[in-house]
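I have placed the structure first, in the form of structure tokens, so that the comments after it can refer back to it.
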Amino acid sequence: MIKGKNIVCISNTTWYGEYQRSSVQLLSRLGKYNTILYVEYAFTIKDVITGLLKKNKTPVKQILGIKDRLDVIAQHEEGKVVKMTLPPVIPFNHFKNDKVFRMVLKFNSFIIRLSVKKAMRRLKMKDVISITSFMPFYGLFLKRKLNEMLNVYYCYDSIDGKRNGPRGKTYETEYMKDIDGVIVTSDNLASQKQNLNPHIFTVKNGVDFHQFRKAVNGHKKPDHPKVVCYTGSIDQRFETEMVEHAIKGAPDYEFIFVGPVRNKAAAEAISKYPNVKLKPPVPPEEIPLILYNSHVGIIPYTRTHLNKNVYPLKINEYLAVGTPVVMTDFAHLPEFENLVSIAPDNETFFEKIKFEVGTDTPEKQAIRVETASKNSWESRTEAFADALQAMLDMKNAK
């Protein structure tokens with residue numbers, strides 16, 4: 001584990017939210033021995049206006065500087081984690097002209113740089129490790145602007161989705177070619193990026209194993225009804241047809257979906273059945289017991305070139321509580337092939353659910369739990385820290 005370092009993370013997300021963030025899990029643990037400045041998603045002027053009009057959870061007072069932009073998340077004996085809210089920036093995705101798009105990005109990056117360097121002075125952070133978490137648009141223009149001793153890109157998904165379009169890949173490629181190293185979360189991402197940077201490290205997603213085990217200790221899984229569970233967003237990745245086929249085929253099973261709905265058509269297609277329950281997002285501490293009380297956990301992602309890069313967070317969460325897993329063949333995950341059921345089509349998906357419900361045993365549950373214990377966020381953080389140290393050693397050896 002690296003110790004005594006100053007780490008700045010330019011993130012594409014906020015610290016808190018409806019779903020677990022791998023960057024938060026890793027940096028919260030690195031913060032025990034290092035000083036972490038987690039720079040949250042840069043809210044735009046539009047976000048501020050929306051926040052004022054709709055009075056949602058947008059931290060308007062911090063964005064505008066009325067409240068302190070720095071929040072101490074955790075203070076440890078040898079380190080700390082500080083969350084930073086940036087001043088508002090200009091929304092850029094809607095600009096069609098490439099020159100204007102780039103100009104706005106440069107202006108936003110200038111605002112971010114001034115704000116981050118001010119926070120670094122306040123926290124007495126020098127010789128920082130700069131980590132850009134899935135935000136190459138700003139990473140490109142902040143490169144070598146923070147007096148960093150190391151510049152690292154943390155990539156946990158495909159950048160060329162609908163939201164970013166072809167520009168995402170263009171800017172990511174330009175950024176990756178001139179930094180110290182890249183950390184990715186799946187083997188497929190590593191394969192894709194290997195020609196863009198010579199220093200690619202793979203650190204897969206993990207699970208808060210101790211929290212999950214603590215939450216379910218002393219509880220007994222109910223026998224009936226048989227519950228099939230999915231925790232996560234119902235979005236464009238959701239394989240609606242396959243899930244609906246299983247719902248219709250097992251009217252005596254209860255299908256529970258916990259999380260935000262971003263694909264209304266998918267939600268409407270499955271919610272019409274009496275054995276389906278759609279539930280809103282719940283606090284993270286409630287997830288383990290929901291999964292434990294289920295008889296099967298599903299990961300019904302569509303098979304697309306984007307989803308091939310996914311290493312799903314929820315797979316280790318299901319396993320941590322001993323729950324069987326049925327998933328589509330959306331990605332190549334060889335480490336789980338003998339542990340979970342993988343379905344290529346509607347009927348197989350349905351049959352695998354029935355199979356897992358009917359053949360589960362305490363011995364199988366113990367094997368799942370043992371596997372998840374090796375994929376804890378503690379072990380992933382060690383691997384992440386080792387990757388950073390390896391990059392530092394390579395740079396110092398030049």
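We name chains A, B, ... following the order of the structure tokens; residues begin at 1 in each chain, and ligands are numbered from 1 as shown.
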
Find the nearest atom pair between each residue of stretch 116-161 of chain A and stretch 59-76 of chain A for residues within 10 Å, count only C-alpha atoms, give distances in Å to one decimal, sort rows by chain and ascending number, and present the table as JSON lines.
{"residue": "A:Ala119", "atom": "CA", "partner": "A:Leu70", "partner_atom": "CA", "distance": 7.8}
{"residue": "A:Arg122", "atom": "CA", "partner": "A:Leu70", "partner_atom": "CA", "distance": 9.9}
{"residue": "A:Leu123", "atom": "CA", "partner": "A:Leu70", "partner_atom": "CA", "distance": 9.9}

Export of the given selection (C-alpha atoms) as a PDB file, in the first residue's frame:
ATOM      1  CA  ALA A 119      -7.750  23.760  -2.757  1.00  0.00           C
ATOM      2  CA  ARG A 122      -5.225  25.149   1.331  1.00  0.00           C
ATOM      3  CA  LEU A 123      -4.584  21.452   1.994  1.00  0.00           C
TER       4      LEU A 123
END

Neighbouring residues of stretch 384-392 of chain A were defined as those with any atom within 12 Å, considering only C-alpha atoms; residues of the same chain fewer than 4 positions away were excluded. Please report them as number ranges by chain. A: 1-3, 5, 7, 22-23, 25-27, 29-31, 33-34, 127-131, 148-154, 179-185, 198-206, 377-380, 396-398

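Of the listed residues (A:Ala266, A:Leu114, A:Ile298, A:Val310), A:Ile298 comes nearest to A:Ala343; the distances count only C-alpha atoms.
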
12 Å contact set for stretch 239-249 of chain A, only C-alpha atoms, chain neighbours under 6 positions out, as a ChimeraX atom specification: /A:227-230,233,255-257,263-277,298-304,307,326-330,343-354

Report as a PyMOL selection string all protein, DNA and RNA residues lying within 9 Å of stretch 360-369 of chain A, evaluated on only C-alpha atoms, omitting residues in the same chain fewer than 3 positions from it. chain A and resi 209+213+295+316+318-324+339+355-357+372-374

How would the residues just chosen look if you wrote them out with N, CA and C atoms as a PDB file, in the first residue's frame?
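That gives us selection20.pdb:
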ATOM      1  N   PHE A 209     -16.974  -6.503   1.263  1.00  0.00           N
ATOM      2  CA  PHE A 209     -17.285  -7.846   1.756  1.00  0.00           C
ATOM      3  C   PHE A 209     -17.684  -7.854   3.235  1.00  0.00           C
ATOM      4  N   ARG A 213     -21.290  -9.146   4.738  1.00  0.00           N
ATOM      5  CA  ARG A 213     -21.412 -10.280   5.650  1.00  0.00           C
ATOM      6  C   ARG A 213     -22.000  -9.845   6.999  1.00  0.00           C
ATOM      7  N   HIS A 295     -33.474 -15.570  -3.980  1.00  0.00           N
ATOM      8  CA  HIS A 295     -33.023 -16.919  -4.304  1.00  0.00           C
ATOM      9  C   HIS A 295     -32.169 -16.956  -5.567  1.00  0.00           C
ATOM     10  N   ASN A 316     -20.188  -9.528  -7.580  1.00  0.00           N
ATOM     11  CA  ASN A 316     -19.559  -9.877  -6.304  1.00  0.00           C
ATOM     12  C   ASN A 316     -20.468  -9.583  -5.123  1.00  0.00           C
ATOM     13  N   TYR A 318     -23.815 -10.099  -5.155  1.00  0.00           N
ATOM     14  CA  TYR A 318     -24.660 -11.295  -5.080  1.00  0.00           C
ATOM     15  C   TYR A 318     -23.894 -12.444  -4.413  1.00  0.00           C
ATOM     16  N   LEU A 319     -22.668 -12.653  -4.872  1.00  0.00           N
ATOM     17  CA  LEU A 319     -21.878 -13.777  -4.361  1.00  0.00           C
ATOM     18  C   LEU A 319     -21.532 -13.609  -2.887  1.00  0.00           C
ATOM     19  N   ALA A 320     -21.331 -12.374  -2.450  1.00  0.00           N
ATOM     20  CA  ALA A 320     -20.929 -12.119  -1.062  1.00  0.00           C
ATOM     21  C   ALA A 320     -21.970 -12.587  -0.054  1.00  0.00           C
ATOM     22  N   VAL A 321     -23.232 -12.640  -0.477  1.00  0.00           N
ATOM     23  CA  VAL A 321     -24.285 -13.123   0.426  1.00  0.00           C
ATOM     24  C   VAL A 321     -24.720 -14.540   0.055  1.00  0.00           C
ATOM     25  N   GLY A 322     -23.982 -15.173  -0.848  1.00  0.00           N
ATOM     26  CA  GLY A 322     -24.243 -16.562  -1.199  1.00  0.00           C
ATOM     27  C   GLY A 322     -25.342 -16.794  -2.204  1.00  0.00           C
ATOM     28  N   THR A 323     -25.856 -15.726  -2.805  1.00  0.00           N
ATOM     29  CA  THR A 323     -26.989 -15.849  -3.732  1.00  0.00           C
ATOM     30  C   THR A 323     -26.525 -16.279  -5.129  1.00  0.00           C
ATOM     31  N   PRO A 324     -27.203 -17.263  -5.739  1.00  0.00           N
ATOM     32  CA  PRO A 324     -26.847 -17.684  -7.098  1.00  0.00           C
ATOM     33  C   PRO A 324     -27.025 -16.541  -8.104  1.00  0.00           C
ATOM     34  N   LEU A 339     -19.011 -20.646 -11.768  1.00  0.00           N
ATOM     35  CA  LEU A 339     -19.640 -20.216 -10.521  1.00  0.00           C
ATOM     36  C   LEU A 339     -21.031 -19.636 -10.729  1.00  0.00           C
ATOM     37  N   PHE A 355     -33.143 -23.550 -12.602  1.00  0.00           N
ATOM     38  CA  PHE A 355     -32.094 -24.478 -12.190  1.00  0.00           C
ATOM     39  C   PHE A 355     -31.413 -24.002 -10.907  1.00  0.00           C
ATOM     40  N   GLU A 356     -31.044 -22.725 -10.861  1.00  0.00           N
ATOM     41  CA  GLU A 356     -30.346 -22.199  -9.692  1.00  0.00           C
ATOM     42  C   GLU A 356     -31.232 -22.231  -8.448  1.00  0.00           C
ATOM     43  N   VAL A 357     -32.512 -21.920  -8.620  1.00  0.00           N
ATOM     44  CA  VAL A 357     -33.447 -21.975  -7.489  1.00  0.00           C
ATOM     45  C   VAL A 357     -33.577 -23.408  -6.973  1.00  0.00           C
ATOM     46  N   ALA A 372     -16.179 -14.274  -3.296  1.00  0.00           N
ATOM     47  CA  ALA A 372     -16.357 -12.837  -3.094  1.00  0.00           C
ATOM     48  C   ALA A 372     -15.362 -12.279  -2.091  1.00  0.00           C
ATOM     49  N   SER A 373     -14.997 -13.086  -1.104  1.00  0.00           N
ATOM     50  CA  SER A 373     -14.043 -12.607  -0.091  1.00  0.00           C
ATOM     51  C   SER A 373     -12.695 -12.260  -0.708  1.00  0.00           C
ATOM     52  N   LYS A 374     -12.348 -12.945  -1.794  1.00  0.00           N
ATOM     53  CA  LYS A 374     -11.077 -12.668  -2.476  1.00  0.00           C
ATOM     54  C   LYS A 374     -11.170 -11.445  -3.384  1.00  0.00           C
TER      55      LYS A 374
END

Among stretch 76-218 of chain A, which ones does DSSP place in helix (DSSP H, G or I), written as a PyMOL selection string? chain A and resi 98-122+136-142+165-176+187-193+209-216

Please list as a ChimeraX atom specification every residue within 8 Å of A:Trp15, counting only C-alpha atoms and excluding residues in the same chain fewer than 4 positions away. /A:21,24,38,40,83

Could you name the residues that touch stretch 217-224 of chain A at 10 Å or less, counting only C-alpha atoms, but leaving out those on the same chain fewer than 6 positions away, as JSON, numbers by chain? {"A": [252, 253, 254, 289, 291, 292, 293, 294, 295, 321]}

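Across A:Lys145, A:Lys80, A:Lys99, A:Lys124, the tightest approach to A:Ile112 is made by A:Lys145 when counting only C-alpha atoms.
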
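Of the residues under consideration (A:Leu189, A:Met176, A:Ile290, A:Val258), A:Val258 shows the shortest atom-to-atom contact distance to A:Tyr19 when counting only C-alpha atoms.
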